[in-house]
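Written out below as structure tokens is the structure these notes cover.
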Amino acid sequence: MSSTFDLAIVGSGFGGSLLAMIARRLGLSVVLLEKARHPRFVIGESTTPLTNLLLEELARRYDLPRLLPLTKWGTWQAAYPEIACGLKRGFTFYQHQFGRPFAAAPDRRDQLLVAASPHDRIADTHWYRPEFDHFFVREAQECGVEYLDETALETAEWRGRDVILTGSRRNTPLSIASRFVVDAAGPRGFLQRALNLPGAAFADLPATQGLYTHFRGVRRLEDLEAYGSDEQPPYPPDDAAVHHVFDGGWIWILRFNNGVASAGVAAVDKLATELKFEEGARGWERLLRRLPTVAAQFAEAEPLLPFIHAARLPFRGEVVVGDRFALLPSAAGFVDPLLSTGFPLTLLGVSRLARAFAEDWGSSRLQETLRSYAADTSSDLLAAERMVAALYANMRDFELFTAVSLLYFAAVSFAEAARRLGRPEIAASFLLRDDPAFGPEARLCLEAALGSPTGQAKAELTRRIQNTIAGFDVAGLCNRDRRNWHPVTASELLDAAPKLGVTQQRIHNLLAQTGFFLP
């Protein structure tokens, strides 16, 4: 089989399929290549407000209306109830000590709940990727994308104006000629291997391993007495990305509305080796024996698939673009699932490549635009790395872990508000890394946090983080009276109008338009 296309995209996860749809809307001929077949299990399932906003922007900009309902829980349930997903009202964190049951401290110093929405209707979601990615592939085909699954690519060669991809599909030789190739196959993907592209280390992030699968029968936190409280939390803690944090790692739990829960652990090499993660289920059981309250949550749980052991989670490639090729951020690097940064980074990459193709395809300017894309992609990955590395450095000190987490939530909530208000220029970079006020101060705070300070140095760092957040806080994150429970309220958004450079009336109108207020 031999074919010629404008664009070949390797990897049919949501990012590859979305870029394929957009490229077809731009009039390009596109082939989408997948080594497996859908539906298939894949890690990376939890969205954020910024993720959904970016997907909404892309769907509107490139006339993909069937994707719009997927940007909120309520519209998803109304439009596509057959596609499984999970309700995500926020981020839930609990700190655990090995060998001790969890017992919620009266001052809530061992937990952090940060809401992302005021109610379910406009909440974020967890994407059940077997069905979500399959839907995106079908949508790409409806847009006119040529889709080839069960395709094993072996080589990429440059011949004249084309890149020739060779391999086989279902034991039949295959040759694809394309003017441009995008690798959307994830870390250590096809182009990384075929071109022997060099890697680049993360400076501060520890080496970590992962162990994960899907379960049935995971108990809800509200059914476990240890997590109870006389006060009403800002959302049901299970309806979120749940993080059980301990010295050296953390466990995630994401619930879907089909009864499945995604759960796994990311841990530093020393702990992962000690627990023998490479042994799969037995490694998981050893970890739970050290976390009695989490073990109670999984007492009746059954894995639906064999455990997957990721011997190395962090990855960063030195090369992001080259002669007639580019890597999506998901293929250029991976930090950690801790803050769900992978989805927004991927969608930012799709947006930037889409704009490059729309404005510079066939032009001598394209390569210069791609160099800017590469610089932004690398800078975004390093910004995420600094944040996550500082969190890993303080998993034993939950007070400092919480303070660092609020730096992240301040940056992303400010960016979402700015974009929704039509002011993206005041939050133009991921995690506000290039903001002249927030960026330098946040970097200094994170550098200090990497040292896991104690005593007076810790107190000074905590104050500095609070001061850094204050000018960008649109969610009341500096309000200590909340004792680590942070709801979403209209009053705080309205009070933040001067920070966002708009009137309170404009914010009120936005809240009404986006369904913030229940009828």
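How things are named: the first chain in the structure tokens is A, the next is B, and so on; residues count from 1 in each chain; ligands count from 1 in the order shown.
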- Item | Long-range neighbours of segment 268-270 of chain A as a PyMOL selection string, 6 Å cut-off, only C-alpha atoms, 6 positions minimum in chain | chain A and resi 207-208+248
Restricting it to all heavy atoms, dump the selection as a short mmCIF file (atom, residue, chain, number, x, y, z; two decimals), in the first residue's frame.
data_model
loop_
_atom_site.label_atom_id
_atom_site.label_comp_id
_atom_site.auth_asym_id
_atom_site.auth_seq_id
_atom_site.Cartn_x
_atom_site.Cartn_y
_atom_site.Cartn_z
N ALA A 207 13.80 10.77 39.95
CA ALA A 207 13.43 9.61 39.14
C ALA A 207 12.28 8.89 39.83
O ALA A 207 12.36 8.57 41.02
CB ALA A 207 14.63 8.68 38.98
N THR A 208 11.21 8.65 39.10
CA THR A 208 10.03 8.01 39.67
C THR A 208 9.56 6.86 38.81
O THR A 208 9.83 6.81 37.61
CB THR A 208 8.86 9.01 39.84
OG1 THR A 208 8.59 9.62 38.57
CG2 THR A 208 9.20 10.09 40.85
N GLY A 248 7.60 10.28 49.64
CA GLY A 248 8.19 9.58 48.50
C GLY A 248 7.23 9.24 47.39
O GLY A 248 7.64 8.66 46.37
#
- segment 25-194 of chain A: which residues are strand (DSSP E or B) by DSSP, as a PyMOL selection string? chain A and resi 30-33+46+85-88+90-95+111-115+124-127+146-148+151-159+162-169+172-183
- Message: Just checking: using only C-alpha atoms, which residue out of A:Ala410, A:Met21, A:Ile9, A:Val260 ends up closest to Ser178 of chain A?
- Response: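 Nearest candidate to Ser178 of chain A out of A:Ala410, A:Met21, A:Ile9, A:Val260: A:Ile9.
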- Task: Find the residues near segment 53-67 of chain A: any atom within 7 Å, counting only C-alpha atoms, skip ones fewer than 4 places away on the same chain, and give them as an NGL selection string.
- Result: :A and (22 or 25 or 49 or 71 or 347 or 351)
Output C-alpha atoms of each residue in that selection to a file, as a PDB file, in the first residue's frame.
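Saved to out-v3.pdb:
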ATOM      1  CA  ILE A  22      -8.257  20.608  12.643  1.00  0.00           C
ATOM      2  CA  ARG A  25     -10.734  21.782   8.486  1.00  0.00           C
ATOM      3  CA  PRO A  49     -10.681  23.936  33.936  1.00  0.00           C
ATOM      4  CA  THR A  71     -16.118  20.390  27.907  1.00  0.00           C
ATOM      5  CA  LEU A 347      -3.910  21.108  23.986  1.00  0.00           C
ATOM      6  CA  SER A 351      -3.401  25.013  19.393  1.00  0.00           C
TER       7      SER A 351
END
- Query: Which residues, written as a PyMOL selection string, have at least one atom at most 12 Å from segment 487-496 of chain A, with only C-alpha atoms counted and residues fewer than 2 positions away on the same chain left out?
  - Reply: chain A and resi 89-92+112-119+122-123+232-237+413-414+416-418+421+470-479+482-485+498-512+515-517
Counting only C-alpha atoms, what is within 12 Å of Glu82 of chain A, bar same-chain residues fewer than 5 positions away, as a short mmCIF file (atom, residue, chain, number, x, y, z; two decimals) with all heavy atoms, in the first residue's frame?
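What follows is the written file selection-v2.cif:
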data_model
loop_
_atom_site.label_atom_id
_atom_site.label_comp_id
_atom_site.auth_asym_id
_atom_site.auth_seq_id
_atom_site.Cartn_x
_atom_site.Cartn_y
_atom_site.Cartn_z
N TRP A 76 -21.99 17.09 28.65
CA TRP A 76 -21.55 15.74 28.23
C TRP A 76 -22.65 14.73 28.51
O TRP A 76 -22.99 13.91 27.65
CB TRP A 76 -20.26 15.39 28.98
CG TRP A 76 -19.63 14.07 28.62
CD1 TRP A 76 -20.26 12.92 28.24
CD2 TRP A 76 -18.23 13.78 28.61
NE1 TRP A 76 -19.34 11.93 28.01
CE2 TRP A 76 -18.09 12.43 28.22
CE3 TRP A 76 -17.09 14.51 28.91
CZ2 TRP A 76 -16.84 11.80 28.14
CZ3 TRP A 76 -15.85 13.89 28.82
CH2 TRP A 76 -15.74 12.56 28.43
N GLN A 77 -23.21 14.76 29.74
CA GLN A 77 -24.22 13.78 30.09
C GLN A 77 -25.47 13.90 29.22
O GLN A 77 -26.14 12.92 28.91
CB GLN A 77 -24.59 13.92 31.57
CG GLN A 77 -23.43 13.63 32.52
CD GLN A 77 -22.73 12.33 32.18
OE1 GLN A 77 -23.30 11.24 32.28
NE2 GLN A 77 -21.48 12.42 31.76
N TYR A 128 -12.70 8.76 30.32
CA TYR A 128 -12.51 7.31 30.21
C TYR A 128 -11.94 7.05 28.83
O TYR A 128 -12.65 6.96 27.83
CB TYR A 128 -13.84 6.58 30.42
CG TYR A 128 -13.71 5.07 30.45
CD1 TYR A 128 -12.99 4.45 31.47
CD2 TYR A 128 -14.31 4.28 29.48
CE1 TYR A 128 -12.86 3.06 31.50
CE2 TYR A 128 -14.20 2.90 29.52
CZ TYR A 128 -13.47 2.30 30.53
OH TYR A 128 -13.34 0.93 30.56
N GLU A 131 -13.12 4.90 25.61
CA GLU A 131 -14.28 5.38 24.84
C GLU A 131 -14.07 6.80 24.32
O GLU A 131 -14.52 7.13 23.22
CB GLU A 131 -15.53 5.29 25.71
CG GLU A 131 -15.89 3.84 26.06
CD GLU A 131 -17.11 3.73 26.97
OE1 GLU A 131 -17.77 4.77 27.23
OE2 GLU A 131 -17.38 2.61 27.44
N PHE A 132 -13.40 7.64 25.10
CA PHE A 132 -13.18 9.03 24.70
C PHE A 132 -12.29 9.09 23.45
O PHE A 132 -12.62 9.76 22.46
CB PHE A 132 -12.54 9.80 25.85
CG PHE A 132 -12.40 11.28 25.60
CD1 PHE A 132 -13.44 12.14 25.89
CD2 PHE A 132 -11.23 11.80 25.10
CE1 PHE A 132 -13.32 13.51 25.67
CE2 PHE A 132 -11.09 13.17 24.87
CZ PHE A 132 -12.14 14.02 25.16
N PHE A 135 -14.04 7.82 20.35
CA PHE A 135 -14.95 8.84 19.82
C PHE A 135 -14.20 9.85 18.97
O PHE A 135 -14.63 10.22 17.86
CB PHE A 135 -15.68 9.54 20.97
CG PHE A 135 -16.55 10.70 20.54
CD1 PHE A 135 -17.82 10.47 20.04
CD2 PHE A 135 -16.09 12.01 20.65
CE1 PHE A 135 -18.62 11.55 19.64
CE2 PHE A 135 -16.88 13.08 20.26
CZ PHE A 135 -18.14 12.84 19.75
N ASN A 257 -18.31 7.06 35.66
CA ASN A 257 -19.72 6.75 35.91
C ASN A 257 -20.14 5.39 35.39
O ASN A 257 -21.34 5.08 35.37
CB ASN A 257 -20.62 7.85 35.34
CG ASN A 257 -20.44 8.04 33.85
OD1 ASN A 257 -19.62 7.38 33.20
ND2 ASN A 257 -21.20 8.96 33.27
N ASN A 258 -19.19 4.56 34.97
CA ASN A 258 -19.50 3.18 34.59
C ASN A 258 -19.06 2.18 35.66
O ASN A 258 -19.01 0.97 35.41
CB ASN A 258 -18.83 2.83 33.26
CG ASN A 258 -17.31 2.99 33.31
OD1 ASN A 258 -16.75 3.38 34.33
ND2 ASN A 258 -16.64 2.69 32.20
#
- Long-range neighbours of Gly13 of chain A as a list of chain:residue names, 9 Å cut-off, only C-alpha atoms, 5 positions minimum in chain: A:Leu18, A:Glu34, A:Val42, A:Arg129, A:Phe132, A:Asp133, A:His134, A:Phe136, A:Val137, A:Ala184, A:Ala185, A:Gly186
- Message: Need the shell around Pro101 of chain A: protein/DNA/RNA residues with any atom at most 7 Å away, counting only C-alpha atoms. Skip same-chain ones fewer than 4 positions apart. Format as a list of chain:residue names?
- Response: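 Listed by chain and then number, they are A:Leu291, A:Pro292, A:Thr293.
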For the selection you just gave me, I'd like the residues written to a file as an mmCIF file, in the first residue's frame, keeping C-alpha atoms.
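again-v9.cif written:
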data_model
loop_
_atom_site.group_PDB
_atom_site.id
_atom_site.type_symbol
_atom_site.label_atom_id
_atom_site.label_comp_id
_atom_site.auth_asym_id
_atom_site.auth_seq_id
_atom_site.Cartn_x
_atom_site.Cartn_y
_atom_site.Cartn_z
ATOM 1 C CA LEU A 291 -1.246 2.691 54.311
ATOM 2 C CA PRO A 292 -3.985 1.108 56.433
ATOM 3 C CA THR A 293 -6.742 3.619 55.644
#
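Distances from A:Leu197, A:Leu348, A:Ala427, A:Leu287 to Arg316 of chain A were compared using only C-alpha atoms, and the smallest one belongs to A:Leu197.
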- Message: Can you tell me, as number ranges by chain, which residues in segment 124-242 of chain A count as helix (DSSP H, G or I) by DSSP?
- Response: A: 129-142, 190-194, 221-223, 225-227
